$ cat entry_21.cif   # mmCIF, C-alpha atoms
data_coords
loop_
_atom_site.label_atom_id
_atom_site.label_comp_id
_atom_site.auth_asym_id
_atom_site.auth_seq_id
_atom_site.Cartn_x
_atom_site.Cartn_y
_atom_site.Cartn_z
CA MET A 1 85.08 83.87 1.15
CA PRO A 2 88.66 84.01 -0.15
CA PHE A 3 91.04 86.79 0.93
CA PHE A 4 93.87 88.18 -1.20
CA ARG A 5 97.00 90.13 -0.44
CA LEU A 6 97.25 93.75 -1.52
CA GLY A 7 98.13 93.82 -5.21
CA ASP A 8 96.87 90.27 -5.72
CA ASP A 9 93.13 91.04 -5.56
CA PRO A 10 91.40 90.15 -8.87
CA GLY A 11 88.83 92.90 -8.27
CA SER A 12 85.80 92.77 -10.52
CA ASN A 13 87.44 90.28 -12.92
CA PHE A 14 85.23 87.29 -12.12
CA PRO A 15 86.97 84.70 -14.38
CA GLU A 16 90.30 85.62 -12.78
CA LEU A 17 88.73 85.20 -9.33
CA LEU A 18 87.59 81.70 -10.26
CA ARG A 19 91.04 80.84 -11.58
CA ARG A 20 92.80 82.03 -8.43
CA ILE A 21 90.60 80.07 -6.06
CA GLY A 22 90.93 76.94 -8.19
CA VAL A 23 87.45 76.73 -9.68
CA THR A 24 87.27 75.55 -13.28
CA SER A 25 85.44 77.64 -15.84
CA HIS A 26 81.89 76.87 -16.93
CA SER A 27 83.10 74.84 -19.89
CA ALA A 28 84.84 71.52 -19.64
CA VAL A 29 86.86 69.66 -22.25
CA LEU A 30 84.87 66.56 -23.07
CA ALA A 31 86.28 63.12 -23.67
CA PRO A 32 86.77 62.28 -27.34
CA ALA A 33 83.58 61.12 -28.95
CA VAL A 34 83.35 57.40 -29.61
CA PRO A 35 82.70 56.71 -33.30
CA GLY A 36 79.17 55.45 -33.81
CA HIS A 37 78.00 56.55 -30.36
CA GLU A 38 76.20 59.88 -30.39
CA LEU A 39 75.63 61.56 -27.05
CA SER A 40 71.93 62.24 -26.54
CA VAL A 41 71.72 65.73 -25.07
CA PRO A 42 68.60 67.88 -24.63
CA HIS A 43 68.69 70.87 -26.97
CA ALA A 44 66.86 74.15 -26.59
CA THR A 45 65.36 75.58 -29.73
CA THR A 46 63.71 78.78 -30.95
CA CYS A 47 64.15 82.19 -29.30
CA VAL A 48 63.52 85.67 -30.69
CA ALA A 49 64.13 89.29 -29.72
CA VAL A 50 62.53 92.43 -31.18
CA LYS A 51 63.26 96.10 -30.56
CA PHE A 52 60.40 98.50 -30.01
CA ALA A 53 60.27 102.24 -29.40
CA ASP A 54 60.99 102.03 -25.65
CA GLY A 55 62.94 98.79 -25.25
CA VAL A 56 63.10 95.17 -26.37
CA VAL A 57 60.88 92.08 -26.30
CA MET A 58 62.43 88.63 -25.81
CA ALA A 59 60.55 85.37 -26.28
CA GLY A 60 61.34 81.67 -26.36
CA ASP A 61 59.37 78.45 -26.65
CA ARG A 62 59.47 75.88 -23.84
CA ARG A 63 60.38 72.64 -25.65
CA ALA A 64 63.71 70.82 -25.37
CA THR A 65 64.39 67.85 -27.62
CA SER A 66 66.78 64.88 -27.63
CA GLY A 67 66.89 63.71 -31.21
CA ASN A 68 63.32 62.91 -32.20
CA LEU A 69 62.10 62.84 -28.59
CA ILE A 70 60.65 65.67 -26.51
CA SER A 71 62.81 65.65 -23.38
CA HIS A 72 61.28 68.68 -21.62
CA ARG A 73 58.09 70.66 -22.19
CA THR A 74 58.59 73.45 -19.66
CA MET A 75 62.19 74.61 -20.14
CA GLU A 76 62.69 78.35 -19.66
CA LYS A 77 65.03 79.64 -22.35
CA VAL A 78 64.63 83.38 -21.70
CA VAL A 79 66.38 84.23 -18.44
CA GLN A 80 66.83 87.56 -16.69
CA ALA A 81 70.53 88.43 -16.40
CA ASP A 82 70.04 91.53 -14.25
CA ARG A 83 67.48 94.30 -13.95
CA HIS A 84 68.00 95.69 -17.47
CA SER A 85 69.19 92.70 -19.50
CA ALA A 86 68.33 89.11 -20.35
CA VAL A 87 69.71 86.08 -22.19
CA ALA A 88 67.83 83.70 -24.48
CA ILE A 89 69.51 80.38 -25.19
CA ALA A 90 69.49 77.78 -27.94
CA GLY A 91 71.73 74.76 -28.35
CA ALA A 92 72.87 72.16 -25.81
CA ALA A 93 70.67 72.81 -22.78
CA GLY A 94 73.08 71.79 -19.99
CA PRO A 95 76.06 73.97 -20.98
CA ALA A 96 73.70 76.82 -21.89
CA MET A 97 72.01 76.92 -18.48
CA GLU A 98 75.36 76.65 -16.70
CA MET A 99 76.68 79.51 -18.81
CA VAL A 100 73.67 81.69 -17.94
CA LYS A 101 74.05 81.03 -14.21
CA MET A 102 77.74 81.93 -14.37
CA PHE A 103 76.90 85.05 -16.38
CA GLN A 104 74.35 86.18 -13.78
CA LEU A 105 76.88 85.63 -11.01
CA GLN A 106 79.56 87.55 -12.90
CA LEU A 107 77.31 90.60 -13.38
CA GLU A 108 76.36 90.54 -9.71
CA HIS A 109 80.02 90.23 -8.67
CA TYR A 110 81.05 93.17 -10.86
CA GLU A 111 78.31 95.40 -9.49
CA LYS A 112 79.15 94.57 -5.87
CA VAL A 113 82.88 95.21 -6.36
CA GLU A 114 82.65 98.32 -8.56
CA GLY A 115 79.48 99.82 -7.06
CA ASN A 116 77.99 100.27 -10.54
CA ALA A 117 76.47 97.91 -13.08
CA LEU A 118 78.58 96.92 -16.07
CA SER A 119 77.61 98.73 -19.28
CA LEU A 120 75.30 96.87 -21.64
CA GLU A 121 78.10 96.62 -24.21
CA GLY A 122 80.41 95.25 -21.52
CA LYS A 123 77.84 92.59 -20.62
CA ALA A 124 77.66 91.53 -24.27
CA ASN A 125 81.47 91.28 -24.34
CA GLN A 126 81.51 89.12 -21.21
CA LEU A 127 78.93 86.75 -22.65
CA SER A 128 80.93 86.58 -25.87
CA ALA A 129 83.99 85.44 -23.89
CA MET A 130 81.91 82.73 -22.20
CA VAL A 131 80.61 81.44 -25.53
CA ARG A 132 84.18 81.38 -26.86
CA GLY A 133 85.25 79.43 -23.76
CA ASN A 134 82.70 76.77 -24.69
CA LEU A 135 84.39 76.19 -28.08
CA PRO A 136 86.05 72.84 -27.16
CA ALA A 137 82.63 71.47 -26.22
CA ALA A 138 81.03 73.09 -29.28
CA MET A 139 83.50 71.23 -31.50
CA GLN A 140 81.99 68.01 -30.13
CA GLY A 141 78.40 69.03 -30.72
CA MET A 142 77.63 70.89 -27.46
CA VAL A 143 77.01 74.21 -29.20
CA VAL A 144 75.51 77.16 -27.29
CA VAL A 145 74.17 80.09 -29.33
CA PRO A 146 72.51 82.74 -27.13
CA ILE A 147 70.79 86.04 -27.77
CA PHE A 148 71.56 88.92 -25.43
CA ALA A 149 69.32 91.97 -25.15
CA GLY A 150 68.62 94.79 -22.76
CA PHE A 151 67.91 98.45 -22.22
CA ASP A 152 70.95 100.70 -22.47
CA LEU A 153 70.54 103.38 -19.80
CA ARG A 154 73.34 105.45 -21.34
CA ARG A 155 71.66 105.57 -24.75
CA SER A 156 68.06 105.33 -23.49
CA ALA A 157 67.33 102.62 -26.04
CA GLY A 158 66.91 98.88 -26.36
CA ARG A 159 69.79 96.92 -27.93
CA LEU A 160 70.27 93.28 -28.91
CA TRP A 161 73.09 90.94 -29.94
CA ASP A 162 73.45 87.45 -31.32
CA PHE A 163 76.52 85.20 -31.17
CA ASP A 164 78.12 82.35 -33.07
CA ALA A 165 79.74 79.21 -31.62
CA THR A 166 83.21 80.81 -31.66
CA GLY A 167 82.14 83.76 -29.51
CA GLY A 168 81.57 86.15 -32.38
CA ARG A 169 79.33 89.00 -31.21
CA TYR A 170 77.03 90.84 -33.60
CA GLU A 171 74.70 93.69 -32.70
CA GLU A 172 71.42 93.62 -34.62
CA ARG A 173 69.44 96.73 -35.46
CA ASP A 174 65.82 95.54 -35.31
CA PHE A 175 65.27 91.87 -34.48
CA VAL A 176 67.07 88.54 -34.20
CA SER A 177 66.24 84.85 -33.80
CA THR A 178 68.18 81.71 -32.94
CA GLY A 179 67.55 77.98 -32.79
CA SER A 180 66.09 75.39 -35.14
CA GLY A 181 63.01 77.44 -35.95
CA SER A 182 64.93 80.68 -36.46
CA LEU A 183 64.43 80.76 -40.25
CA HIS A 184 60.64 80.71 -39.94
CA ALA A 185 60.60 83.11 -36.98
CA SER A 186 62.91 85.62 -38.65
CA THR A 187 60.80 85.57 -41.82
CA VAL A 188 57.70 86.51 -39.81
CA MET A 189 59.56 89.30 -38.04
CA LYS A 190 61.05 90.59 -41.29
CA VAL A 191 57.58 90.90 -42.81
CA GLY A 192 55.92 92.36 -39.71
CA TYR A 193 58.60 94.70 -38.38
CA HIS A 194 58.58 98.45 -38.94
CA SER A 195 60.44 101.31 -37.31
CA GLY A 196 58.74 102.85 -34.29
CA LEU A 197 57.06 99.58 -33.35
CA GLY A 198 55.07 99.94 -30.12
CA ARG A 199 55.31 97.62 -27.12
CA ASP A 200 52.04 95.81 -27.80
CA GLU A 201 52.87 95.41 -31.49
CA ALA A 202 56.30 94.00 -30.64
CA LEU A 203 54.78 91.50 -28.21
CA GLN A 204 52.28 90.36 -30.81
CA LEU A 205 55.01 90.06 -33.45
CA ALA A 206 57.23 87.94 -31.18
CA CYS A 207 54.29 85.65 -30.34
CA ARG A 208 53.39 85.31 -34.01
CA ALA A 209 57.01 84.46 -34.87
CA LEU A 210 57.05 81.64 -32.30
CA TRP A 211 53.65 80.40 -33.50
CA GLU A 212 54.82 80.11 -37.12
CA ALA A 213 58.13 78.53 -36.06
CA ALA A 214 56.25 75.88 -34.04
CA ASP A 215 53.95 75.24 -37.00
CA ALA A 216 56.88 74.52 -39.34
CA ASP A 217 59.60 73.15 -37.02
CA SER A 218 59.01 69.97 -34.99
CA ALA A 219 61.63 70.93 -32.38
CA THR A 220 59.83 74.18 -31.51
CA GLY A 221 56.94 73.95 -29.09
CA GLY A 222 53.88 76.12 -29.51
CA PRO A 223 51.44 77.12 -26.75
CA ASP A 224 50.16 73.99 -24.97
CA VAL A 225 46.64 74.90 -23.88
CA LEU A 226 45.93 71.42 -22.46
CA ARG A 227 48.85 71.63 -20.01
CA GLY A 228 48.72 75.42 -19.60
CA ILE A 229 52.26 75.86 -20.96
CA TYR A 230 53.03 79.07 -22.84
CA PRO A 231 56.28 80.53 -24.19
CA VAL A 232 58.38 82.77 -21.96
CA VAL A 233 57.87 86.35 -23.16
CA ALA A 234 59.34 89.42 -21.45
CA THR A 235 59.94 93.10 -22.07
CA ILE A 236 62.93 95.15 -20.94
CA ASP A 237 62.67 98.93 -20.82
CA VAL A 238 63.82 101.80 -18.62
CA ASP A 239 61.85 100.29 -15.72
CA GLY A 240 63.60 96.95 -16.13
CA TRP A 241 62.58 93.35 -16.82
CA GLU A 242 58.90 92.40 -16.90
CA ARG A 243 57.64 88.92 -17.72
CA ILE A 244 54.29 88.71 -19.51
CA ASP A 245 51.78 86.55 -17.64
CA ASP A 246 50.10 83.49 -19.14
CA VAL A 247 46.65 85.10 -19.19
CA ASP A 248 47.90 87.82 -21.54
CA LEU A 249 49.74 85.25 -23.66
CA SER A 250 46.66 83.04 -23.87
CA THR A 251 44.67 85.95 -25.29
CA ARG A 252 47.38 86.79 -27.80
CA PHE A 253 47.79 83.23 -29.05
CA ASP A 254 44.01 82.80 -29.29
CA SER A 255 43.86 85.78 -31.65
CA ILE A 256 46.75 84.37 -33.70
CA ARG A 257 45.01 80.98 -33.87
CA GLU A 258 41.76 82.56 -35.04
CA GLU A 259 43.58 84.54 -37.71
CA ALA A 260 45.38 81.39 -38.90
CA SER A 261 42.10 79.48 -39.12
CA ARG A 262 40.69 82.12 -41.51
CA ARG A 263 43.50 81.77 -44.03
#

$ encode --input "entry_21.cif" --output "structure tokens"
Amino acid sequence: MPFFRLGDDPGSNFPELLRRIGVTSHSAVLAPAVPGHELSVPHATTCVAVKFADGVVMAGDRRATSGNLISHRTMEKVVQADRHSAVAIAGAAGPAMEMVKMFQLQLEHYEKVEGNALSLEGKANQLSAMVRGNLPAAMQGMVVVPIFAGFDLRRSAGRLWDFDATGGRYEERDFVSTGSGSLHASTVMKVGYHSGLGRDEALQLACRALWEAADADSATGGPDVLRGIYPVVATIDVDGWERIDDVDLSTRFDSIREEASRR
């Protein structure tokens, strides 16, 4: 544990703490790409978030792809950041997971130093700075485009943000999607969303969005009944993060499958 002289303590500024103890940031400047040699990197794909009356639902499929190959079938792209917030990732899997781990550590550090959790808006700002710090890697194809969502205790409402590769931060009013299947997922949510959506309705809508994205996008994995692999789906409300179990998800996707078979 490093010690600092009075007046030299970085306090709750976690990036400054890393700089002072000589630890590099989560992003690294990559070597110049060799023409004709593309780096094969696993990429995470489709994630969605939907607001409902008492909070937010976040969901993400489990497939990671390297080009036309499935590199992982069980990747978890929706990750709890702290009790009342979570991050969903799409893009280059390695930098994304490293960024999430650093983000979790930063929130924990702030809370321990200050004695209070960072505001939800402040968390979104911190994640924005991390995405911006990944820009050199993004310029070489290692793009990370997360979704951040949580329950704002000060406003007593769910809130959600999406980001671009430069660190641009945009708060969305109702729903958001990211990844290769985002166009199909967002279309489903646009048709099915209405104000005052209940928790169960929001869960069903998020599951349906992932189902349709998997049906139209080869990089998005749907529920794998044979292997018992289902998307990661969670709710965040005043009581905090709650992950939906696979038994519940199996029932929901069965009903979606039956409805699709009747079309």

$ residues_around --input "entry_21.cif" --residues "Glu172 of chain A" --least-positions-apart "4" --cutoff "8 Å" --atoms "only C-alpha atoms" --output "mmCIF file with C-alpha atoms, in the coordinates of the input"
data_model
loop_
_atom_site.group_PDB
_atom_site.id
_atom_site.type_symbol
_atom_site.label_atom_id
_atom_site.label_comp_id
_atom_site.auth_asym_id
_atom_site.auth_seq_id
_atom_site.Cartn_x
_atom_site.Cartn_y
_atom_site.Cartn_z
ATOM 1 C CA ARG A 159 69.790 96.920 -27.930
ATOM 2 C CA LEU A 160 70.270 93.280 -28.910
ATOM 3 C CA TRP A 161 73.090 90.940 -29.940
ATOM 4 C CA ASP A 162 73.450 87.450 -31.320
ATOM 5 C CA VAL A 176 67.070 88.540 -34.200
#

$ atom_distance --input "entry_21.cif" --atom1 "atom CA of His72 of chain A" --atom2 "atom CA of Gly94 of chain A"
12.3 Å

$ atom_distance --input "entry_21.cif" --atom1 "atom CA of Arg208 of chain A" --atom2 "atom CA of Arg257 of chain A"
9.4 Å

$ resolve_selection --input "entry_21.cif" --expression "the PyMOL selection byres ((chain A and resi 75) around 6)" --output "list in words"
Arg62, Thr74 and Glu76 of chain A

$ closest_residue --input "entry_21.cif" --among "A:Gly141, A:Pro146, A:Pro223, A:Gly122" --to "Met99 of chain A" --atoms "all atoms listed in the file"
A:Pro146

$ build_atoms --input "entry_21.cif" --residues "segment 120-131 of chain A" --atoms "all heavy atoms" --output "compact mmCIF listing (two decimals), in the coordinates of the input"
# COMPACT_ATOMS: atom_id res chain seq x y z
N LEU A 120 75.96 97.90 -20.85
CA LEU A 120 75.30 96.87 -21.64
C LEU A 120 76.27 96.27 -22.67
O LEU A 120 76.28 95.06 -22.90
CB LEU A 120 74.07 97.45 -22.34
CG LEU A 120 73.07 96.42 -22.87
CD1 LEU A 120 72.44 95.63 -21.73
CD2 LEU A 120 71.99 97.10 -23.70
N GLU A 121 77.09 97.11 -23.26
CA GLU A 121 78.10 96.62 -24.21
C GLU A 121 79.10 95.71 -23.51
O GLU A 121 79.51 94.68 -24.05
CB GLU A 121 78.82 97.81 -24.86
CG GLU A 121 79.78 97.42 -25.96
CD GLU A 121 79.33 97.88 -27.33
OE1 GLU A 121 78.45 98.75 -27.41
OE2 GLU A 121 79.86 97.34 -28.30
N GLY A 122 79.49 96.08 -22.29
CA GLY A 122 80.41 95.25 -21.52
C GLY A 122 79.81 93.90 -21.19
O GLY A 122 80.50 92.88 -21.20
N LYS A 123 78.51 93.86 -20.90
CA LYS A 123 77.84 92.59 -20.62
C LYS A 123 77.86 91.70 -21.87
O LYS A 123 78.10 90.49 -21.77
CB LYS A 123 76.39 92.85 -20.19
CG LYS A 123 76.25 93.60 -18.89
CD LYS A 123 74.80 94.00 -18.63
CE LYS A 123 74.68 94.95 -17.45
NZ LYS A 123 73.29 95.42 -17.24
N ALA A 124 77.61 92.30 -23.03
CA ALA A 124 77.66 91.53 -24.27
C ALA A 124 79.05 90.96 -24.50
O ALA A 124 79.21 89.82 -24.95
CB ALA A 124 77.23 92.40 -25.45
N ASN A 125 80.09 91.75 -24.18
CA ASN A 125 81.47 91.28 -24.34
C ASN A 125 81.77 90.12 -23.40
O ASN A 125 82.46 89.15 -23.78
CB ASN A 125 82.45 92.42 -24.07
CG ASN A 125 82.44 93.47 -25.17
OD1 ASN A 125 82.04 93.19 -26.30
ND2 ASN A 125 82.84 94.69 -24.84
N GLN A 126 81.28 90.20 -22.17
CA GLN A 126 81.51 89.12 -21.21
C GLN A 126 80.84 87.83 -21.66
O GLN A 126 81.41 86.74 -21.55
CB GLN A 126 81.00 89.53 -19.82
CG GLN A 126 81.79 90.64 -19.15
CD GLN A 126 83.22 90.21 -18.84
OE1 GLN A 126 83.48 89.04 -18.58
NE2 GLN A 126 84.13 91.15 -18.85
N LEU A 127 79.61 87.93 -22.17
CA LEU A 127 78.93 86.75 -22.65
C LEU A 127 79.63 86.16 -23.87
O LEU A 127 79.73 84.94 -24.02
CB LEU A 127 77.47 87.08 -22.99
CG LEU A 127 76.58 85.91 -23.39
CD1 LEU A 127 76.56 84.83 -22.30
CD2 LEU A 127 75.16 86.39 -23.68
N SER A 128 80.17 87.04 -24.71
CA SER A 128 80.93 86.58 -25.87
C SER A 128 82.13 85.74 -25.44
O SER A 128 82.42 84.69 -26.02
CB SER A 128 81.40 87.79 -26.69
OG SER A 128 82.26 87.39 -27.73
N ALA A 129 82.83 86.19 -24.39
CA ALA A 129 83.99 85.44 -23.89
C ALA A 129 83.56 84.08 -23.35
O ALA A 129 84.28 83.08 -23.51
CB ALA A 129 84.69 86.25 -22.80
N MET A 130 82.40 84.01 -22.72
CA MET A 130 81.91 82.73 -22.20
C MET A 130 81.57 81.77 -23.33
O MET A 130 81.85 80.58 -23.26
CB MET A 130 80.69 82.96 -21.31
CG MET A 130 81.01 83.59 -19.98
SD MET A 130 79.55 83.65 -18.93
CE MET A 130 80.34 83.97 -17.35
N VAL A 131 80.93 82.28 -24.38
CA VAL A 131 80.61 81.44 -25.53
C VAL A 131 81.89 80.93 -26.18
O VAL A 131 82.00 79.75 -26.56
CB VAL A 131 79.75 82.22 -26.55
CG1 VAL A 131 79.52 81.38 -27.81
CG2 VAL A 131 78.42 82.62 -25.93
